[in-house]
Amino acid sequence: MDRREFLKTGGLFLVGTPCVYGLMAMAAPRPHEAGATDARRWGMVIDLNRCPADCSACLEACRRENNVAVHGDRRWDIHWIRKVTIRKKHEADAPTRTLPLLCNHCDHPPCAQVCPVQATYKRADGIVIVDHHRCIGCRYCLIACPYNARYFNYRENDEWPNKAYPKRSHGVAESCNFCAHRLDQGRPPACVEACRDSGAGALKVGDLDDPDSEISRLIADNSVKRIREDLGTEPKVYYIGL
Ligand code: SF4
Ligand code: SF4
């Protein structure tokens, strides 16, 4: 029985339900947690010099893999990864940069800090995840995320391209989960794989705590930036060429 069915059939017992439901949710195993280990800390490096402005391979792969909702209406569309074009403030002639934006899997995630039911949590390996069975749809996390990386699934999504992965629930918050289900199987996130297969190779994922990992070497050997480091969220997505 999913969250909505439970609430419907339990309508007659509403007084006792929140307490029972809360206990059930707290007792349920967390999604994608089995593969997490504190032996690694996942992060990402995005090399903008390798990322063509008109490429959307990562966005499309993410939608296909994670059944992310596309309604063709910006009020309802969800973007686990999106591309934005930026220009330096107060410099009208400054060149623009187009960059992929996604959840930064912050080491100090404000989205998790404000969640009243611990639906948003950080796994042992640093991936920040929403447990859709626990989320009550309050949207505090959307307000708390300084990166606009959180979306709310306002509408039912009829599309279900990847049957191996759950259809998205509506009425809950969501954001990129670094394809934790794939990382747990030793496979790269769908966006990283698509970027590699396109020949660009701009997205890399790996262990930030391993000084010999590819991303640790990229961070050591290049001038890298993280977005809004000043906020103290400790984002784990690093940009080269920003
Ligand atoms: S980027 Fe936003 S949604 Fe992702 S972990 Fe940080 S605060 Fe949370
Ligand atoms: S919308 Fe869901 S995940 Fe976000 S703060 Fe509320 S309960 Fe937590």
# chains A, B, ... in the order shown; residues from 1 in each chain; ligands from 1
$ closest_atom_pairs --of "chain A" --to "ligand 2" --cutoff "9 Å" --atoms "only C-alpha atoms and all ligand atoms" --output "Markdown table"
| residue | atom | partner | partner_atom_place_in_ligand_line | distance |
| --- | --- | --- | --- | --- |
| A:Cys111 | CA | ligand 2 | 5 (S) | 6.5 |
| A:Ala112 | CA | ligand 2 | 5 (S) | 7.1 |
| A:Gln113 | CA | ligand 2 | 5 (S) | 8.5 |
| A:Val114 | CA | ligand 2 | 5 (S) | 5.9 |
| A:Cys115 | CA | ligand 2 | 5 (S) | 3.6 |
| A:Pro116 | CA | ligand 2 | 8 (Fe) | 5.9 |
| A:Val117 | CA | ligand 2 | 7 (S) | 5.6 |
| A:Gln118 | CA | ligand 2 | 8 (Fe) | 6.1 |
| A:Ala119 | CA | ligand 2 | 8 (Fe) | 4.8 |
| A:Thr120 | CA | ligand 2 | 3 (S) | 4.7 |
| A:Tyr121 | CA | ligand 2 | 3 (S) | 8.5 |
| A:Ile129 | CA | ligand 2 | 3 (S) | 8.6 |
| A:Val130 | CA | ligand 2 | 3 (S) | 5.6 |
| A:Asp131 | CA | ligand 2 | 3 (S) | 7.2 |
| A:His132 | CA | ligand 2 | 2 (Fe) | 7.5 |
| A:Arg134 | CA | ligand 2 | 7 (S) | 6.9 |
| A:Cys135 | CA | ligand 2 | 2 (Fe) | 3.6 |
| A:Ile136 | CA | ligand 2 | 7 (S) | 4.3 |
| A:Gly137 | CA | ligand 2 | 1 (S) | 3.9 |
| A:Cys138 | CA | ligand 2 | 6 (Fe) | 3.8 |
| A:Arg139 | CA | ligand 2 | 1 (S) | 3.6 |
| A:Tyr140 | CA | ligand 2 | 5 (S) | 4.3 |
| A:Cys141 | CA | ligand 2 | 4 (Fe) | 4.2 |
| A:Leu142 | CA | ligand 2 | 4 (Fe) | 6.6 |
| A:Ile143 | CA | ligand 2 | 5 (S) | 8.8 |
| A:Ala144 | CA | ligand 2 | 5 (S) | 8.5 |
| A:Arg150 | CA | ligand 2 | 4 (Fe) | 8.4 |
| A:Phe152 | CA | ligand 2 | 1 (S) | 7.5 |
| A:Gly171 | CA | ligand 2 | 1 (S) | 8.5 |
| A:Val172 | CA | ligand 2 | 2 (Fe) | 5.8 |
| A:Ala173 | CA | ligand 2 | 1 (S) | 4.9 |
| A:Glu174 | CA | ligand 2 | 3 (S) | 7.4 |
$ write_last_selection --atoms "N, CA, C and O atoms" --output "short mmCIF file (atom, residue, chain, number, x, y, z; two decimals), in the first residue's frame"
data_model
loop_
_atom_site.label_atom_id
_atom_site.label_comp_id
_atom_site.auth_asym_id
_atom_site.auth_seq_id
_atom_site.Cartn_x
_atom_site.Cartn_y
_atom_site.Cartn_z
N CYS A 111 18.43 21.46 3.33
CA CYS A 111 17.17 20.76 3.03
C CYS A 111 16.90 19.68 4.07
O CYS A 111 15.76 19.48 4.49
N ALA A 112 17.94 18.98 4.49
CA ALA A 112 17.76 17.92 5.49
C ALA A 112 17.55 18.51 6.88
O ALA A 112 16.79 17.97 7.69
N GLN A 113 18.22 19.64 7.13
CA GLN A 113 18.10 20.25 8.46
C GLN A 113 16.68 20.71 8.75
O GLN A 113 16.22 20.66 9.88
N VAL A 114 15.96 21.18 7.69
CA VAL A 114 14.62 21.72 7.95
C VAL A 114 13.51 20.68 7.83
O VAL A 114 12.38 20.95 8.21
N CYS A 115 13.81 19.53 7.29
CA CYS A 115 12.76 18.53 7.05
C CYS A 115 12.20 18.04 8.39
O CYS A 115 12.93 17.46 9.19
N PRO A 116 10.90 18.26 8.62
CA PRO A 116 10.35 17.93 9.94
C PRO A 116 10.19 16.44 10.19
O PRO A 116 9.96 16.04 11.34
N VAL A 117 10.27 15.62 9.13
CA VAL A 117 10.04 14.18 9.33
C VAL A 117 11.24 13.34 8.88
O VAL A 117 11.13 12.14 8.67
N GLN A 118 12.38 14.00 8.71
CA GLN A 118 13.61 13.32 8.26
C GLN A 118 13.40 12.54 6.96
O GLN A 118 14.02 11.48 6.75
N ALA A 119 12.52 13.05 6.10
CA ALA A 119 12.35 12.42 4.79
C ALA A 119 13.58 12.70 3.93
O ALA A 119 14.00 11.87 3.13
N THR A 120 14.16 13.88 4.09
CA THR A 120 15.41 14.18 3.41
C THR A 120 16.53 13.82 4.36
O THR A 120 16.53 14.23 5.52
N TYR A 121 17.47 13.05 3.87
CA TYR A 121 18.57 12.62 4.73
C TYR A 121 19.82 12.43 3.89
O TYR A 121 19.76 12.32 2.66
N ILE A 129 19.19 12.36 -0.17
CA ILE A 129 18.08 11.63 -0.79
C ILE A 129 16.76 12.04 -0.14
O ILE A 129 16.74 12.39 1.04
N VAL A 130 15.67 11.97 -0.92
CA VAL A 130 14.33 12.13 -0.35
C VAL A 130 13.68 10.75 -0.27
O VAL A 130 13.61 10.03 -1.27
N ASP A 131 13.24 10.40 0.90
CA ASP A 131 12.46 9.16 1.07
C ASP A 131 11.00 9.52 0.78
O ASP A 131 10.34 10.17 1.60
N HIS A 132 10.53 9.13 -0.40
CA HIS A 132 9.19 9.55 -0.84
C HIS A 132 8.08 8.99 0.03
O HIS A 132 6.99 9.54 0.09
N ARG A 134 8.18 8.85 3.19
CA ARG A 134 8.15 9.59 4.44
C ARG A 134 7.78 11.07 4.22
O ARG A 134 7.27 11.72 5.12
N CYS A 135 8.05 11.59 3.02
CA CYS A 135 7.81 13.01 2.74
C CYS A 135 6.32 13.35 2.90
O CYS A 135 5.46 12.65 2.37
N ILE A 136 6.05 14.42 3.61
CA ILE A 136 4.66 14.85 3.80
C ILE A 136 4.29 16.02 2.90
O ILE A 136 3.22 16.60 3.02
N GLY A 137 5.21 16.42 2.02
CA GLY A 137 4.90 17.45 1.04
C GLY A 137 4.85 18.86 1.58
O GLY A 137 4.20 19.73 0.99
N CYS A 138 5.54 19.12 2.68
CA CYS A 138 5.46 20.46 3.29
C CYS A 138 6.25 21.51 2.50
O CYS A 138 6.02 22.69 2.61
N ARG A 139 7.23 21.07 1.72
CA ARG A 139 8.06 21.92 0.84
C ARG A 139 9.02 22.84 1.60
O ARG A 139 9.54 23.79 1.03
N TYR A 140 9.27 22.58 2.85
CA TYR A 140 10.28 23.37 3.57
C TYR A 140 11.64 23.27 2.86
O TYR A 140 12.40 24.23 2.80
N CYS A 141 11.93 22.08 2.36
CA CYS A 141 13.25 21.86 1.73
C CYS A 141 13.42 22.72 0.48
O CYS A 141 14.53 23.16 0.17
N LEU A 142 12.31 22.95 -0.25
CA LEU A 142 12.41 23.78 -1.46
C LEU A 142 12.83 25.19 -1.09
O LEU A 142 13.59 25.84 -1.81
N ILE A 143 12.30 25.65 0.05
CA ILE A 143 12.63 27.01 0.49
C ILE A 143 14.06 27.04 1.03
O ILE A 143 14.81 27.99 0.81
N ALA A 144 14.47 25.98 1.70
CA ALA A 144 15.79 25.98 2.35
C ALA A 144 16.94 25.80 1.37
O ALA A 144 18.05 26.28 1.63
N ARG A 150 15.72 21.74 -5.54
CA ARG A 150 14.56 20.93 -5.12
C ARG A 150 13.33 21.29 -5.92
O ARG A 150 13.08 22.47 -6.19
N PHE A 152 8.97 20.23 -6.54
CA PHE A 152 7.82 19.57 -5.96
C PHE A 152 7.01 18.94 -7.07
O PHE A 152 6.73 19.58 -8.09
N GLY A 171 3.00 14.88 -5.15
CA GLY A 171 2.76 15.34 -3.79
C GLY A 171 3.97 15.23 -2.90
O GLY A 171 3.85 15.35 -1.68
N VAL A 172 5.14 15.00 -3.49
CA VAL A 172 6.37 14.91 -2.69
C VAL A 172 7.48 15.75 -3.34
O VAL A 172 7.41 16.10 -4.51
N ALA A 173 8.50 16.04 -2.52
CA ALA A 173 9.65 16.80 -3.03
C ALA A 173 10.64 15.83 -3.66
O ALA A 173 10.70 14.65 -3.29
N GLU A 174 11.42 16.34 -4.62
CA GLU A 174 12.46 15.49 -5.19
C GLU A 174 13.61 16.31 -5.74
O GLU A 174 13.48 17.52 -5.97
#
$ residues_near_ligand --ligand "ligand 1" --cutoff "8 Å" --atoms "only C-alpha atoms and all ligand atoms" --output "number ranges by chain"
A: 102-112, 127-128, 141-142, 144-150, 175-176, 233, 235
$ residues_around --residues "A:Glu193" --least-positions-apart "6" --cutoff "12 Å" --atoms "only C-alpha atoms" --output "list in words"
Ala57, Cys58, Leu59, Glu60, Ala61, Cys62, Glu65, Phe178, Cys179, Arg182, Leu183, Arg187, Gly199, Ala200, Gly201, Ala202, Leu203, Lys204 and Val205 of chain A
$ write_last_selection --atoms "N, CA, C and O atoms" --output "mmCIF file, in the first residue's frame"
data_model
loop_
_atom_site.group_PDB
_atom_site.id
_atom_site.type_symbol
_atom_site.label_atom_id
_atom_site.label_comp_id
_atom_site.auth_asym_id
_atom_site.auth_seq_id
_atom_site.Cartn_x
_atom_site.Cartn_y
_atom_site.Cartn_z
ATOM 1 N N ALA A 57 22.532 15.980 -23.500
ATOM 2 C CA ALA A 57 22.560 14.513 -23.335
ATOM 3 C C ALA A 57 22.334 14.104 -21.889
ATOM 4 O O ALA A 57 21.619 13.136 -21.603
ATOM 5 N N CYS A 58 22.926 14.852 -20.957
ATOM 6 C CA CYS A 58 22.795 14.492 -19.537
ATOM 7 C C CYS A 58 21.361 14.680 -19.059
ATOM 8 O O CYS A 58 20.833 13.858 -18.299
ATOM 9 N N LEU A 59 20.709 15.744 -19.504
ATOM 10 C CA LEU A 59 19.339 16.026 -19.079
ATOM 11 C C LEU A 59 18.396 14.923 -19.551
ATOM 12 O O LEU A 59 17.557 14.426 -18.792
ATOM 13 N N GLU A 60 18.567 14.544 -20.813
ATOM 14 C CA GLU A 60 17.671 13.524 -21.367
ATOM 15 C C GLU A 60 17.905 12.173 -20.711
ATOM 16 O O GLU A 60 16.960 11.431 -20.411
ATOM 17 N N ALA A 61 19.174 11.849 -20.466
ATOM 18 C CA ALA A 61 19.481 10.558 -19.829
ATOM 19 C C ALA A 61 18.899 10.507 -18.420
ATOM 20 O O ALA A 61 18.385 9.474 -17.978
ATOM 21 N N CYS A 62 18.977 11.620 -17.707
ATOM 22 C CA CYS A 62 18.444 11.684 -16.347
ATOM 23 C C CYS A 62 16.934 11.461 -16.350
ATOM 24 O O CYS A 62 16.402 10.693 -15.550
ATOM 25 N N GLU A 65 16.224 7.751 -17.122
ATOM 26 C CA GLU A 65 16.631 6.835 -16.054
ATOM 27 C C GLU A 65 15.709 6.932 -14.840
ATOM 28 O O GLU A 65 15.320 5.927 -14.256
ATOM 29 N N PHE A 178 22.099 11.508 -7.428
ATOM 30 C CA PHE A 178 23.363 10.978 -7.962
ATOM 31 C C PHE A 178 23.184 9.564 -8.519
ATOM 32 O O PHE A 178 24.135 8.802 -8.588
ATOM 33 N N CYS A 179 21.953 9.210 -8.885
ATOM 34 C CA CYS A 179 21.668 7.835 -9.336
ATOM 35 C C CYS A 179 22.261 6.839 -8.340
ATOM 36 O O CYS A 179 23.029 5.933 -8.700
ATOM 37 N N ARG A 182 22.401 3.242 -9.181
ATOM 38 C CA ARG A 182 23.434 2.811 -10.133
ATOM 39 C C ARG A 182 24.801 2.781 -9.460
ATOM 40 O O ARG A 182 25.573 1.842 -9.651
ATOM 41 N N LEU A 183 25.108 3.806 -8.687
ATOM 42 C CA LEU A 183 26.413 3.816 -8.000
ATOM 43 C C LEU A 183 26.550 2.587 -7.105
ATOM 44 O O LEU A 183 27.624 1.987 -7.012
ATOM 45 N N ARG A 187 27.886 1.241 -11.228
ATOM 46 C CA ARG A 187 27.692 1.907 -12.529
ATOM 47 C C ARG A 187 27.671 3.414 -12.326
ATOM 48 O O ARG A 187 27.240 3.902 -11.278
ATOM 49 N N GLY A 199 30.900 11.782 -26.076
ATOM 50 C CA GLY A 199 32.260 12.184 -26.449
ATOM 51 C C GLY A 199 32.754 13.392 -25.686
ATOM 52 O O GLY A 199 33.933 13.736 -25.749
ATOM 53 N N ALA A 200 31.850 14.045 -24.921
ATOM 54 C CA ALA A 200 32.268 15.260 -24.210
ATOM 55 C C ALA A 200 33.079 14.916 -22.951
ATOM 56 O O ALA A 200 34.145 15.486 -22.709
ATOM 57 N N GLY A 201 32.586 14.012 -22.162
ATOM 58 C CA GLY A 201 33.301 13.615 -20.936
ATOM 59 C C GLY A 201 33.462 14.759 -19.949
ATOM 60 O O GLY A 201 34.470 14.851 -19.249
ATOM 61 N N ALA A 202 32.444 15.620 -19.883
ATOM 62 C CA ALA A 202 32.542 16.779 -18.982
ATOM 63 C C ALA A 202 32.170 16.437 -17.549
ATOM 64 O O ALA A 202 32.584 17.133 -16.624
ATOM 65 N N LEU A 203 31.367 15.399 -17.349
ATOM 66 C CA LEU A 203 30.898 15.051 -16.000
ATOM 67 C C LEU A 203 31.676 13.846 -15.477
ATOM 68 O O LEU A 203 31.788 12.832 -16.166
ATOM 69 N N LYS A 204 32.187 13.981 -14.267
ATOM 70 C CA LYS A 204 32.898 12.864 -13.628
ATOM 71 C C LYS A 204 32.365 12.728 -12.211
ATOM 72 O O LYS A 204 32.151 13.725 -11.516
ATOM 73 N N VAL A 205 32.194 11.502 -11.787
ATOM 74 C CA VAL A 205 31.765 11.268 -10.414
ATOM 75 C C VAL A 205 32.802 10.372 -9.744
ATOM 76 O O VAL A 205 33.481 9.592 -10.422
#
$ residues_around --residues "A:Glu33" --least-positions-apart "2" --cutoff "10 Å" --atoms "only C-alpha atoms" --output "number ranges by chain"
A: 29-31, 35-37, 122-125, 127, 129, 180-181, 184
$ select_by_dssp --residues "stretch 6-235 of chain A" --states "strand (DSSP E or B)" --output "PyMOL selection string"
chain A and resi 42-47+81-86+97-102+120-122+128-130+151-152+173-174+203-207+224-225
$ select_by_dssp --residues "stretch 82-226 of chain A" --states "helix (DSSP H, G or I)" --output "ChimeraX atom specification"
/A:110-114,140-144,180-183,190-197,214-221
$ atom_distance --atom1 "atom CA of A:Cys51" --atom2 "atom CA of A:Leu99"
7.7 Å
